[in-house]
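Shown next: target_30.cif, containing mmCIF, N, CA and C atoms.
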data_model
loop_
_atom_site.label_atom_id
_atom_site.label_comp_id
_atom_site.auth_asym_id
_atom_site.auth_seq_id
_atom_site.Cartn_x
_atom_site.Cartn_y
_atom_site.Cartn_z
N SER A 12 2.99 -17.79 -8.68
CA SER A 12 2.79 -16.44 -9.15
C SER A 12 1.38 -16.20 -9.65
N SER A 13 0.58 -17.25 -9.80
CA SER A 13 -0.79 -17.07 -10.29
C SER A 13 -1.68 -16.35 -9.30
N GLY A 14 -1.26 -16.28 -8.01
CA GLY A 14 -2.07 -15.63 -7.01
C GLY A 14 -1.77 -14.15 -6.86
N ILE A 15 -0.91 -13.61 -7.67
CA ILE A 15 -0.52 -12.21 -7.54
C ILE A 15 -1.48 -11.33 -8.31
N ASN A 16 -2.04 -10.35 -7.63
CA ASN A 16 -2.96 -9.41 -8.23
C ASN A 16 -2.17 -8.18 -8.67
N ALA A 17 -2.20 -7.89 -9.95
CA ALA A 17 -1.42 -6.77 -10.49
C ALA A 17 -1.92 -5.42 -9.99
N GLU A 18 -3.16 -5.34 -9.58
CA GLU A 18 -3.70 -4.09 -9.06
C GLU A 18 -3.32 -3.95 -7.60
N CYS A 19 -2.83 -2.80 -7.22
CA CYS A 19 -2.46 -2.56 -5.83
C CYS A 19 -3.27 -1.39 -5.29
N PRO A 20 -4.37 -1.70 -4.62
CA PRO A 20 -5.24 -0.64 -4.11
C PRO A 20 -4.72 0.02 -2.84
N LEU A 21 -3.58 -0.39 -2.35
CA LEU A 21 -3.09 0.12 -1.07
C LEU A 21 -2.50 1.52 -1.15
N ARG A 22 -1.87 1.89 -2.26
CA ARG A 22 -1.21 3.19 -2.37
C ARG A 22 -2.18 4.36 -2.16
N PRO A 23 -3.35 4.38 -2.80
CA PRO A 23 -4.26 5.50 -2.56
C PRO A 23 -4.70 5.60 -1.10
N GLY A 24 -4.64 4.48 -0.38
CA GLY A 24 -5.02 4.49 1.03
C GLY A 24 -3.89 4.89 1.95
N GLY A 25 -2.72 5.20 1.40
CA GLY A 25 -1.61 5.67 2.21
C GLY A 25 -0.53 4.64 2.49
N CYS A 26 -0.64 3.46 1.92
CA CYS A 26 0.39 2.44 2.13
C CYS A 26 1.63 2.81 1.34
N SER A 27 2.76 2.94 2.02
CA SER A 27 3.99 3.32 1.33
C SER A 27 4.97 2.16 1.21
N GLU A 28 4.71 1.06 1.90
CA GLU A 28 5.63 -0.07 1.84
C GLU A 28 4.86 -1.38 2.01
N ILE A 29 5.26 -2.36 1.24
CA ILE A 29 4.72 -3.70 1.36
C ILE A 29 5.88 -4.60 1.76
N SER A 30 5.74 -5.26 2.90
CA SER A 30 6.78 -6.16 3.37
C SER A 30 6.38 -7.58 3.03
N LEU A 31 7.21 -8.22 2.23
CA LEU A 31 6.97 -9.61 1.83
C LEU A 31 7.61 -10.50 2.89
N GLY A 32 6.81 -11.32 3.54
CA GLY A 32 7.31 -12.08 4.67
C GLY A 32 7.30 -13.58 4.48
N ASP A 33 8.37 -14.19 4.92
CA ASP A 33 8.46 -15.64 5.06
C ASP A 33 8.53 -15.89 6.55
N THR A 34 7.39 -15.83 7.21
CA THR A 34 7.36 -15.84 8.67
C THR A 34 7.53 -17.22 9.28
N ILE A 35 7.53 -18.27 8.46
CA ILE A 35 7.82 -19.60 9.01
C ILE A 35 9.19 -20.11 8.55
N GLY A 36 9.86 -19.34 7.70
CA GLY A 36 11.24 -19.64 7.35
C GLY A 36 11.44 -20.82 6.41
N VAL A 37 10.48 -21.06 5.51
CA VAL A 37 10.62 -22.18 4.56
C VAL A 37 11.04 -21.72 3.17
N GLY A 38 11.20 -20.43 2.97
CA GLY A 38 11.58 -19.90 1.67
C GLY A 38 13.01 -20.27 1.31
N THR A 39 13.26 -20.32 0.02
CA THR A 39 14.59 -20.58 -0.52
C THR A 39 14.92 -19.47 -1.52
N PRO A 40 16.19 -19.29 -1.84
CA PRO A 40 16.53 -18.26 -2.82
C PRO A 40 15.77 -18.41 -4.14
N GLY A 41 15.58 -19.63 -4.61
CA GLY A 41 14.84 -19.83 -5.86
C GLY A 41 13.40 -19.39 -5.75
N LYS A 42 12.76 -19.68 -4.62
CA LYS A 42 11.37 -19.27 -4.42
C LYS A 42 11.25 -17.74 -4.30
N ILE A 43 12.21 -17.13 -3.60
CA ILE A 43 12.18 -15.68 -3.45
C ILE A 43 12.40 -15.01 -4.81
N LYS A 44 13.32 -15.53 -5.59
CA LYS A 44 13.57 -14.99 -6.93
C LYS A 44 12.32 -15.08 -7.79
N GLU A 45 11.65 -16.23 -7.76
CA GLU A 45 10.42 -16.41 -8.54
C GLU A 45 9.34 -15.42 -8.10
N LEU A 46 9.19 -15.25 -6.80
CA LEU A 46 8.21 -14.31 -6.26
C LEU A 46 8.51 -12.88 -6.71
N LEU A 47 9.76 -12.48 -6.57
CA LEU A 47 10.13 -11.11 -6.93
C LEU A 47 9.99 -10.86 -8.43
N GLN A 48 10.33 -11.83 -9.24
CA GLN A 48 10.17 -11.67 -10.69
C GLN A 48 8.71 -11.53 -11.08
N ALA A 49 7.82 -12.12 -10.30
CA ALA A 49 6.39 -11.99 -10.57
C ALA A 49 5.83 -10.66 -10.07
N ILE A 50 6.36 -10.16 -8.97
CA ILE A 50 5.83 -8.94 -8.34
C ILE A 50 6.42 -7.66 -8.91
N LEU A 51 7.71 -7.66 -9.18
CA LEU A 51 8.39 -6.41 -9.56
C LEU A 51 7.85 -5.72 -10.81
N PRO A 52 7.30 -6.42 -11.77
CA PRO A 52 6.72 -5.69 -12.90
C PRO A 52 5.47 -4.87 -12.52
N HIS A 53 4.92 -5.15 -11.33
CA HIS A 53 3.66 -4.52 -10.92
C HIS A 53 3.79 -3.54 -9.77
N LEU A 54 4.89 -3.64 -9.03
CA LEU A 54 5.08 -2.77 -7.86
C LEU A 54 6.48 -2.19 -7.87
N PRO A 55 6.63 -0.92 -7.52
CA PRO A 55 7.96 -0.32 -7.49
C PRO A 55 8.83 -0.94 -6.40
N VAL A 56 10.05 -1.30 -6.76
CA VAL A 56 10.96 -1.95 -5.82
C VAL A 56 11.21 -1.08 -4.59
N GLU A 57 11.18 0.23 -4.74
CA GLU A 57 11.44 1.10 -3.59
C GLU A 57 10.33 1.05 -2.55
N ASN A 58 9.21 0.42 -2.88
CA ASN A 58 8.11 0.27 -1.93
C ASN A 58 8.04 -1.13 -1.33
N LEU A 59 9.06 -1.95 -1.58
CA LEU A 59 9.04 -3.32 -1.08
C LEU A 59 10.10 -3.52 0.01
N ALA A 60 9.79 -4.41 0.93
CA ALA A 60 10.71 -4.82 1.99
C ALA A 60 10.62 -6.34 2.11
N LEU A 61 11.61 -6.93 2.75
CA LEU A 61 11.59 -8.37 3.00
C LEU A 61 11.68 -8.63 4.50
N HIS A 62 10.91 -9.63 4.94
CA HIS A 62 10.89 -10.07 6.33
C HIS A 62 11.10 -11.58 6.31
N MET A 63 12.34 -12.00 6.58
CA MET A 63 12.70 -13.41 6.44
C MET A 63 13.01 -14.04 7.79
N HIS A 64 12.44 -15.22 8.03
CA HIS A 64 12.79 -16.01 9.21
C HIS A 64 13.82 -17.05 8.78
N ASP A 65 14.54 -17.59 9.76
CA ASP A 65 15.71 -18.41 9.45
C ASP A 65 15.57 -19.87 9.88
N THR A 66 14.38 -20.41 9.83
CA THR A 66 14.14 -21.77 10.29
C THR A 66 15.04 -22.79 9.62
N TYR A 67 15.22 -22.68 8.32
CA TYR A 67 16.05 -23.63 7.57
C TYR A 67 17.39 -23.03 7.15
N GLY A 68 17.78 -21.93 7.80
CA GLY A 68 19.08 -21.34 7.53
C GLY A 68 19.20 -20.65 6.18
N GLN A 69 18.09 -20.22 5.60
CA GLN A 69 18.09 -19.61 4.28
C GLN A 69 17.85 -18.11 4.29
N ALA A 70 17.66 -17.51 5.44
CA ALA A 70 17.23 -16.11 5.51
C ALA A 70 18.24 -15.15 4.88
N VAL A 71 19.53 -15.29 5.18
CA VAL A 71 20.53 -14.38 4.62
C VAL A 71 20.59 -14.55 3.10
N ALA A 72 20.55 -15.79 2.63
CA ALA A 72 20.57 -16.04 1.19
C ALA A 72 19.32 -15.45 0.53
N ASN A 73 18.18 -15.54 1.20
CA ASN A 73 16.94 -14.97 0.66
C ASN A 73 17.03 -13.44 0.59
N VAL A 74 17.60 -12.83 1.61
CA VAL A 74 17.79 -11.38 1.60
C VAL A 74 18.74 -10.99 0.47
N TYR A 75 19.77 -11.78 0.25
CA TYR A 75 20.71 -11.49 -0.83
C TYR A 75 20.00 -11.45 -2.18
N VAL A 76 19.06 -12.36 -2.39
CA VAL A 76 18.27 -12.35 -3.63
C VAL A 76 17.48 -11.05 -3.73
N GLY A 77 16.87 -10.64 -2.61
CA GLY A 77 16.15 -9.36 -2.60
C GLY A 77 17.07 -8.19 -2.90
N LEU A 78 18.24 -8.19 -2.30
CA LEU A 78 19.23 -7.14 -2.55
C LEU A 78 19.61 -7.10 -4.02
N ASP A 79 19.80 -8.27 -4.60
CA ASP A 79 20.16 -8.38 -6.02
C ASP A 79 19.05 -7.87 -6.93
N HIS A 80 17.81 -7.90 -6.44
CA HIS A 80 16.66 -7.40 -7.21
C HIS A 80 16.31 -5.95 -6.88
N GLY A 81 17.14 -5.28 -6.07
CA GLY A 81 16.94 -3.86 -5.80
C GLY A 81 16.24 -3.51 -4.50
N ILE A 82 15.82 -4.50 -3.73
CA ILE A 82 15.19 -4.20 -2.44
C ILE A 82 16.26 -3.71 -1.48
N ARG A 83 15.91 -2.70 -0.68
CA ARG A 83 16.88 -2.10 0.23
C ARG A 83 16.37 -2.02 1.67
N VAL A 84 15.20 -2.57 1.94
CA VAL A 84 14.66 -2.56 3.30
C VAL A 84 14.45 -4.00 3.74
N PHE A 85 15.08 -4.37 4.88
CA PHE A 85 15.01 -5.73 5.38
C PHE A 85 14.78 -5.70 6.88
N ASP A 86 13.81 -6.46 7.36
CA ASP A 86 13.58 -6.59 8.79
C ASP A 86 14.58 -7.60 9.35
N SER A 87 15.00 -7.37 10.58
CA SER A 87 15.89 -8.32 11.26
C SER A 87 15.71 -8.12 12.76
N SER A 88 16.32 -9.00 13.53
CA SER A 88 16.30 -8.83 14.98
C SER A 88 17.62 -9.29 15.57
N VAL A 89 18.06 -8.57 16.57
CA VAL A 89 19.32 -8.88 17.25
C VAL A 89 19.25 -10.33 17.76
N SER A 90 20.28 -11.08 17.48
CA SER A 90 20.40 -12.47 17.92
C SER A 90 19.31 -13.36 17.34
N GLY A 91 18.63 -12.89 16.30
CA GLY A 91 17.58 -13.70 15.68
C GLY A 91 16.37 -13.92 16.56
N LEU A 92 16.13 -12.98 17.47
CA LEU A 92 14.98 -13.11 18.36
C LEU A 92 13.68 -13.14 17.56
N GLY A 93 12.68 -13.73 18.13
CA GLY A 93 11.37 -13.78 17.50
C GLY A 93 10.97 -15.21 17.24
N GLY A 94 10.01 -15.38 16.40
CA GLY A 94 9.48 -16.69 16.09
C GLY A 94 8.12 -16.53 15.44
N CYS A 95 7.47 -17.61 15.24
CA CYS A 95 6.14 -17.58 14.65
C CYS A 95 5.21 -18.45 15.47
N PRO A 96 4.20 -17.86 16.10
CA PRO A 96 3.31 -18.66 16.94
C PRO A 96 2.43 -19.62 16.16
N TYR A 97 2.39 -19.48 14.84
CA TYR A 97 1.52 -20.31 14.02
C TYR A 97 2.19 -21.56 13.49
N ALA A 98 3.52 -21.63 13.60
CA ALA A 98 4.26 -22.76 13.04
C ALA A 98 5.21 -23.32 14.08
N GLN A 99 4.89 -24.50 14.58
CA GLN A 99 5.74 -25.12 15.58
C GLN A 99 7.13 -25.36 14.99
N GLY A 100 8.15 -24.98 15.75
CA GLY A 100 9.53 -25.19 15.31
C GLY A 100 10.10 -24.06 14.49
N ALA A 101 9.27 -23.09 14.09
CA ALA A 101 9.78 -21.96 13.30
C ALA A 101 10.70 -21.11 14.18
N SER A 102 11.84 -20.76 13.62
CA SER A 102 12.79 -19.96 14.38
C SER A 102 12.50 -18.47 14.19
N GLY A 103 13.39 -17.66 14.73
CA GLY A 103 13.20 -16.23 14.69
C GLY A 103 13.58 -15.58 13.38
N ASN A 104 13.55 -14.26 13.42
CA ASN A 104 13.90 -13.45 12.26
C ASN A 104 15.37 -13.65 11.90
N VAL A 105 15.72 -13.22 10.70
CA VAL A 105 17.13 -13.22 10.34
C VAL A 105 17.86 -12.36 11.37
N ALA A 106 18.98 -12.86 11.87
CA ALA A 106 19.74 -12.14 12.88
C ALA A 106 20.37 -10.88 12.27
N THR A 107 20.21 -9.78 12.97
CA THR A 107 20.77 -8.51 12.48
C THR A 107 22.28 -8.63 12.25
N GLU A 108 22.97 -9.34 13.14
CA GLU A 108 24.41 -9.50 13.00
C GLU A 108 24.77 -10.21 11.69
N ASP A 109 24.02 -11.26 11.36
CA ASP A 109 24.27 -12.03 10.14
C ASP A 109 23.96 -11.20 8.90
N LEU A 110 22.86 -10.45 8.98
CA LEU A 110 22.47 -9.58 7.88
C LEU A 110 23.53 -8.50 7.65
N LEU A 111 23.99 -7.85 8.71
CA LEU A 111 25.01 -6.81 8.59
C LEU A 111 26.31 -7.36 8.02
N TYR A 112 26.70 -8.54 8.44
CA TYR A 112 27.93 -9.16 7.95
C TYR A 112 27.87 -9.31 6.43
N MET A 113 26.74 -9.82 5.93
CA MET A 113 26.57 -10.00 4.48
C MET A 113 26.49 -8.65 3.77
N LEU A 114 25.72 -7.71 4.30
CA LEU A 114 25.57 -6.42 3.66
C LEU A 114 26.90 -5.67 3.59
N HIS A 115 27.64 -5.65 4.70
CA HIS A 115 28.92 -4.95 4.72
C HIS A 115 29.91 -5.59 3.76
N ASP A 116 29.90 -6.93 3.68
CA ASP A 116 30.80 -7.63 2.76
C ASP A 116 30.47 -7.31 1.30
N ASN A 117 29.22 -6.94 1.05
CA ASN A 117 28.79 -6.59 -0.31
C ASN A 117 28.84 -5.09 -0.57
N GLY A 118 29.52 -4.36 0.29
CA GLY A 118 29.75 -2.94 0.05
C GLY A 118 28.61 -2.02 0.43
N CYS A 119 27.64 -2.53 1.16
CA CYS A 119 26.50 -1.69 1.58
C CYS A 119 26.89 -0.88 2.81
N ASP A 120 26.64 0.41 2.76
CA ASP A 120 26.90 1.28 3.90
C ASP A 120 25.61 1.37 4.71
N THR A 121 25.55 0.59 5.78
CA THR A 121 24.34 0.55 6.59
C THR A 121 24.31 1.63 7.66
N GLY A 122 25.49 2.16 8.01
CA GLY A 122 25.56 3.12 9.11
C GLY A 122 25.43 2.46 10.47
N VAL A 123 25.48 1.12 10.51
CA VAL A 123 25.32 0.39 11.77
C VAL A 123 26.65 -0.25 12.15
N ASP A 124 27.03 -0.09 13.41
CA ASP A 124 28.26 -0.68 13.93
C ASP A 124 28.00 -2.13 14.30
N ILE A 125 28.49 -3.05 13.48
CA ILE A 125 28.22 -4.47 13.68
C ILE A 125 28.75 -4.97 15.03
N ASP A 126 29.88 -4.45 15.49
CA ASP A 126 30.43 -4.89 16.77
C ASP A 126 29.51 -4.54 17.93
N SER A 127 28.87 -3.39 17.86
CA SER A 127 27.90 -3.00 18.91
C SER A 127 26.68 -3.91 18.87
N VAL A 128 26.24 -4.27 17.68
CA VAL A 128 25.09 -5.18 17.56
C VAL A 128 25.45 -6.56 18.09
N ILE A 129 26.66 -7.03 17.79
CA ILE A 129 27.12 -8.33 18.30
C ILE A 129 27.14 -8.31 19.82
N GLU A 130 27.66 -7.24 20.39
CA GLU A 130 27.71 -7.10 21.85
C GLU A 130 26.29 -7.12 22.44
N THR A 131 25.37 -6.41 21.79
CA THR A 131 23.98 -6.39 22.23
C THR A 131 23.37 -7.78 22.15
N GLY A 132 23.68 -8.51 21.08
CA GLY A 132 23.18 -9.87 20.92
C GLY A 132 23.65 -10.79 22.04
N HIS A 133 24.93 -10.65 22.43
CA HIS A 133 25.44 -11.45 23.55
C HIS A 133 24.71 -11.08 24.84
N PHE A 134 24.52 -9.78 25.05
CA PHE A 134 23.84 -9.32 26.27
C PHE A 134 22.42 -9.88 26.36
N ILE A 135 21.65 -9.70 25.28
CA ILE A 135 20.24 -10.11 25.34
C ILE A 135 20.11 -11.63 25.42
N SER A 136 21.00 -12.35 24.75
CA SER A 136 20.95 -13.82 24.82
C SER A 136 21.26 -14.29 26.23
N ASP A 137 22.26 -13.70 26.86
CA ASP A 137 22.58 -14.05 28.24
C ASP A 137 21.43 -13.69 29.17
N PHE A 138 20.88 -12.49 28.99
CA PHE A 138 19.78 -12.02 29.84
C PHE A 138 18.57 -12.95 29.74
N LEU A 139 18.26 -13.38 28.52
CA LEU A 139 17.10 -14.26 28.30
C LEU A 139 17.41 -15.73 28.52
N GLU A 140 18.68 -16.00 28.83
CA GLU A 140 19.14 -17.38 29.04
C GLU A 140 18.77 -18.26 27.85
N ARG A 141 19.14 -17.76 26.66
CA ARG A 141 18.89 -18.51 25.43
C ARG A 141 20.16 -18.51 24.59
N ILE A 142 20.22 -19.45 23.68
CA ILE A 142 21.36 -19.54 22.78
C ILE A 142 21.29 -18.39 21.79
N ASN A 143 22.41 -17.78 21.53
CA ASN A 143 22.48 -16.71 20.55
C ASN A 143 22.10 -17.27 19.18
N GLY A 144 21.12 -16.66 18.54
CA GLY A 144 20.63 -17.14 17.25
C GLY A 144 21.40 -16.61 16.06
N SER A 145 22.48 -15.88 16.30
CA SER A 145 23.28 -15.32 15.22
C SER A 145 24.55 -16.14 15.00
N LYS A 146 24.75 -16.60 13.79
CA LYS A 146 25.98 -17.32 13.48
C LYS A 146 27.20 -16.41 13.61
N VAL A 147 27.07 -15.16 13.19
CA VAL A 147 28.16 -14.20 13.33
C VAL A 147 28.41 -13.93 14.82
N GLY A 148 27.33 -13.77 15.59
CA GLY A 148 27.47 -13.55 17.03
C GLY A 148 28.18 -14.71 17.71
N ILE A 149 27.85 -15.93 17.31
CA ILE A 149 28.52 -17.10 17.90
C ILE A 149 29.99 -17.14 17.48
N ALA A 150 30.26 -16.87 16.21
CA ALA A 150 31.65 -16.87 15.72
C ALA A 150 32.50 -15.82 16.41
N LYS A 151 31.88 -14.72 16.79
CA LYS A 151 32.62 -13.61 17.41
C LYS A 151 32.44 -13.61 18.93
N THR A 152 32.10 -14.76 19.51
CA THR A 152 31.97 -14.87 20.96
C THR A 152 33.35 -14.74 21.59
N PRO A 153 33.48 -13.84 22.55
CA PRO A 153 34.78 -13.73 23.23
C PRO A 153 35.14 -15.05 23.91
N ARG A 154 36.35 -15.49 23.68
CA ARG A 154 36.84 -16.75 24.29
C ARG A 154 37.38 -16.43 25.68
N SER A 155 37.02 -17.29 26.65
CA SER A 155 37.54 -17.04 28.01
C SER A 155 38.62 -18.03 28.36
#

Encoding of this model in structure tokens:
Amino acid sequence: SSGINAECPLRPGGCSEISLGDTIGVGTPGKIKELLQAILPHLPVENLALHMHDTYGQAVANVYVGLDHGIRVFDSSVSGLGGCPYAQGASGNVATEDLLYMLHDNGCDTGVDIDSVIETGHFISDFLERINGSKVGIAKTPRS
């Protein structure tokens, strides 16, 4: 937290949102909590977003910490597509299906039909000939 600058010169320049990213997916709930506790006294929570990758399987838990601290904007991608070209082995973004499953279970009205997203995840994974990166998508795979 010593590297956090309390002054935010971005707002006068038109910046309306700051997305805090763990683009290599090494964050943990404890680290995200520590970061948010350091930042939130200086920046309005309504101007913050989280961008979590799921390399170590912590992305949904990290988003939950953000949700618990009042953040309501989260980046995700269907089937966990994406990655980080700077970190070998880094996986993609938190899967939209996994994020929706957690948000809906916690009473959040996202306005998104999770079944349609799961179907889209199966389609794109098959089309790209890759393994579905969503745990929810895999759990809800139609059995033949």

Selection near Thr131 (chain A), 7 Å with only N, CA and C atoms, sequence-local residues under 5 positions removed, as a VMD selection string: chain A and resid 89 to 90 126 136

Could you save the residues just selected, with N, CA and C atoms, as a PDB file, in the coordinates of the input?
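Listed below is the output, result_18.pdb:
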ATOM      1  N   VAL A  89      18.060  -8.570  16.570  1.00  0.00           N
ATOM      2  CA  VAL A  89      19.320  -8.880  17.250  1.00  0.00           C
ATOM      3  C   VAL A  89      19.250 -10.330  17.760  1.00  0.00           C
ATOM      4  N   SER A  90      20.280 -11.080  17.480  1.00  0.00           N
ATOM      5  CA  SER A  90      20.400 -12.470  17.920  1.00  0.00           C
ATOM      6  C   SER A  90      19.310 -13.360  17.340  1.00  0.00           C
ATOM      7  N   ASP A 126      29.880  -4.450  15.490  1.00  0.00           N
ATOM      8  CA  ASP A 126      30.430  -4.890  16.770  1.00  0.00           C
ATOM      9  C   ASP A 126      29.510  -4.540  17.930  1.00  0.00           C
ATOM     10  N   SER A 136      21.000 -12.350  24.750  1.00  0.00           N
ATOM     11  CA  SER A 136      20.950 -13.820  24.820  1.00  0.00           C
ATOM     12  C   SER A 136      21.260 -14.290  26.230  1.00  0.00           C
TER      13      SER A 136
END

Mind listing the alpha helix (DSSP H) residues of region 13-125 of chain A, per DSSP on the backbone, as a PyMOL selection string? chain A and resi 40-50+70-79+107-116+125

What is the CA of Gly68 (chain A)-CA of Leu31 (chain A) distance in Å, reported with one decimal? 17.8 Å

Could you work out how far atom C of Asp109 (chain A) lies from CA of Ile125 (chain A), giving the answer in Å with one decimal?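 Pair CA of Ile125 (chain A) / atom C of Asp109 (chain A) returns 9.3 Å.
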
Computed interatomic separation between CA of Arg83 (chain A) and CA of Phe134 (chain A) (Å):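 Here the two named atoms are 27.9 Å from each other.
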
I'd like the contact shell of Ala60 (chain A) - 9 Å cut-off, only C-alpha atoms, skipping same-chain residues fewer than 4 positions apart - returned as a VMD selection string. chain A and resid 28 to 32 56 77 82 to 86

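Compared by their closest atoms to Arg141 (chain A), and using only C-alpha atoms, the residues A:Ile43, A:Leu92, A:Val71, A:Ala98 rank with A:Leu92 nearest.
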
Using the chain letters and numbers from the file, which residues does the PyMOL selection byres ((chain A and resi 144) around 5) grab, as a list in words? Ser90, Gly91, Ile142, Asn143, Ser145 and Lys146 of chain A

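Compared by their closest atoms to Ser127 (chain A), and using only C-alpha atoms, the residues A:Ile35, A:Leu46, A:Leu111, A:Met63 rank with A:Leu111 nearest.
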
Pick from A:Asp124, A:Asp116, A:Glu57, A:Glu108 nearest to Gly148 (chain A), counting all atoms listed in the file: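 For Gly148 (chain A), the nearest of the candidates is A:Glu108.
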
Given the PyMOL selection byres (((chain A and resi 64-67 and name CA) around 7) and name CA), the residues it picks as a compact mmCIF listing (two decimals) with N, CA and C atoms, in the frame of the given file:
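Output file out-v1.txt follows:
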# COMPACT_ATOMS: atom_id res chain seq x y z
N ASP A 33 8.37 -14.19 4.92
CA ASP A 33 8.46 -15.64 5.06
C ASP A 33 8.53 -15.89 6.55
N THR A 34 7.39 -15.83 7.21
CA THR A 34 7.36 -15.84 8.67
C THR A 34 7.53 -17.22 9.28
N ILE A 35 7.53 -18.27 8.46
CA ILE A 35 7.82 -19.60 9.01
C ILE A 35 9.19 -20.11 8.55
N GLY A 36 9.86 -19.34 7.70
CA GLY A 36 11.24 -19.64 7.35
C GLY A 36 11.44 -20.82 6.41
N VAL A 37 10.48 -21.06 5.51
CA VAL A 37 10.62 -22.18 4.56
C VAL A 37 11.04 -21.72 3.17
N HIS A 62 10.91 -9.63 4.94
CA HIS A 62 10.89 -10.07 6.33
C HIS A 62 11.10 -11.58 6.31
N MET A 63 12.34 -12.00 6.58
CA MET A 63 12.70 -13.41 6.44
C MET A 63 13.01 -14.04 7.79
N GLY A 68 17.78 -21.93 7.80
CA GLY A 68 19.08 -21.34 7.53
C GLY A 68 19.20 -20.65 6.18
N GLN A 69 18.09 -20.22 5.60
CA GLN A 69 18.09 -19.61 4.28
C GLN A 69 17.85 -18.11 4.29
N ALA A 70 17.66 -17.51 5.44
CA ALA A 70 17.23 -16.11 5.51
C ALA A 70 18.24 -15.15 4.88
N ALA A 101 9.27 -23.09 14.09
CA ALA A 101 9.78 -21.96 13.30
C ALA A 101 10.70 -21.11 14.18
N SER A 102 11.84 -20.76 13.62
CA SER A 102 12.79 -19.96 14.38
C SER A 102 12.50 -18.47 14.19
N GLY A 103 13.39 -17.66 14.73
CA GLY A 103 13.20 -16.23 14.69
C GLY A 103 13.58 -15.58 13.38
N ASN A 104 13.55 -14.26 13.42
CA ASN A 104 13.90 -13.45 12.26
C ASN A 104 15.37 -13.65 11.90
N VAL A 105 15.72 -13.22 10.70
CA VAL A 105 17.13 -13.22 10.34
C VAL A 105 17.86 -12.36 11.37

Among region 28-116 of chain A, which residues does DSSP mark as strand (DSSP E) when it is run on the backbone? Keep the chain and numbering as in the structure and answer as a list in words. Ile29, Ser30, Leu31, Gly32, Asp33, Leu59, Ala60, Leu61, His62, Met63, Phe85 and Asp86 of chain A

Could I see region 76-87 of chain A restored to N, CA, C and O atoms, set down as a PDB file, keeping the file's coordinate frame?
ATOM      1  N   VAL A  76      19.060 -12.360  -2.390  1.00  0.00           N
ATOM      2  CA  VAL A  76      18.270 -12.350  -3.630  1.00  0.00           C
ATOM      3  C   VAL A  76      17.480 -11.050  -3.730  1.00  0.00           C
ATOM      4  O   VAL A  76      17.432 -10.409  -4.777  1.00  0.00           O
ATOM      5  N   GLY A  77      16.870 -10.640  -2.610  1.00  0.00           N
ATOM      6  CA  GLY A  77      16.150  -9.360  -2.600  1.00  0.00           C
ATOM      7  C   GLY A  77      17.070  -8.190  -2.900  1.00  0.00           C
ATOM      8  O   GLY A  77      16.721  -7.303  -3.684  1.00  0.00           O
ATOM      9  N   LEU A  78      18.240  -8.190  -2.300  1.00  0.00           N
ATOM     10  CA  LEU A  78      19.230  -7.140  -2.550  1.00  0.00           C
ATOM     11  C   LEU A  78      19.610  -7.100  -4.020  1.00  0.00           C
ATOM     12  O   LEU A  78      19.672  -6.038  -4.634  1.00  0.00           O
ATOM     13  N   ASP A  79      19.800  -8.270  -4.600  1.00  0.00           N
ATOM     14  CA  ASP A  79      20.160  -8.380  -6.020  1.00  0.00           C
ATOM     15  C   ASP A  79      19.050  -7.870  -6.930  1.00  0.00           C
ATOM     16  O   ASP A  79      19.311  -7.432  -8.045  1.00  0.00           O
ATOM     17  N   HIS A  80      17.810  -7.900  -6.440  1.00  0.00           N
ATOM     18  CA  HIS A  80      16.660  -7.400  -7.210  1.00  0.00           C
ATOM     19  C   HIS A  80      16.310  -5.950  -6.880  1.00  0.00           C
ATOM     20  O   HIS A  80      15.286  -5.446  -7.320  1.00  0.00           O
ATOM     21  N   GLY A  81      17.140  -5.280  -6.070  1.00  0.00           N
ATOM     22  CA  GLY A  81      16.940  -3.860  -5.800  1.00  0.00           C
ATOM     23  C   GLY A  81      16.240  -3.510  -4.500  1.00  0.00           C
ATOM     24  O   GLY A  81      16.059  -2.334  -4.195  1.00  0.00           O
ATOM     25  N   ILE A  82      15.820  -4.500  -3.730  1.00  0.00           N
ATOM     26  CA  ILE A  82      15.190  -4.200  -2.440  1.00  0.00           C
ATOM     27  C   ILE A  82      16.260  -3.710  -1.480  1.00  0.00           C
ATOM     28  O   ILE A  82      17.373  -4.242  -1.443  1.00  0.00           O
ATOM     29  N   ARG A  83      15.910  -2.700  -0.680  1.00  0.00           N
ATOM     30  CA  ARG A  83      16.880  -2.100   0.230  1.00  0.00           C
ATOM     31  C   ARG A  83      16.370  -2.020   1.670  1.00  0.00           C
ATOM     32  O   ARG A  83      17.059  -1.464   2.536  1.00  0.00           O
ATOM     33  N   VAL A  84      15.200  -2.570   1.940  1.00  0.00           N
ATOM     34  CA  VAL A  84      14.660  -2.560   3.300  1.00  0.00           C
ATOM     35  C   VAL A  84      14.450  -4.000   3.740  1.00  0.00           C
ATOM     36  O   VAL A  84      13.756  -4.771   3.068  1.00  0.00           O
ATOM     37  N   PHE A  85      15.080  -4.370   4.880  1.00  0.00           N
ATOM     38  CA  PHE A  85      15.010  -5.730   5.380  1.00  0.00           C
ATOM     39  C   PHE A  85      14.780  -5.700   6.880  1.00  0.00           C
ATOM     40  O   PHE A  85      15.478  -4.984   7.606  1.00  0.00           O
ATOM     41  N   ASP A  86      13.810  -6.460   7.360  1.00  0.00           N
ATOM     42  CA  ASP A  86      13.580  -6.590   8.790  1.00  0.00           C
ATOM     43  C   ASP A  86      14.580  -7.600   9.350  1.00  0.00           C
ATOM     44  O   ASP A  86      14.957  -8.560   8.668  1.00  0.00           O
ATOM     45  N   SER A  87      15.000  -7.370  10.580  1.00  0.00           N
ATOM     46  CA  SER A  87      15.890  -8.320  11.260  1.00  0.00           C
ATOM     47  C   SER A  87      15.710  -8.120  12.760  1.00  0.00           C
ATOM     48  O   SER A  87      15.048  -7.184  13.197  1.00  0.00           O
TER      49      SER A  87
END
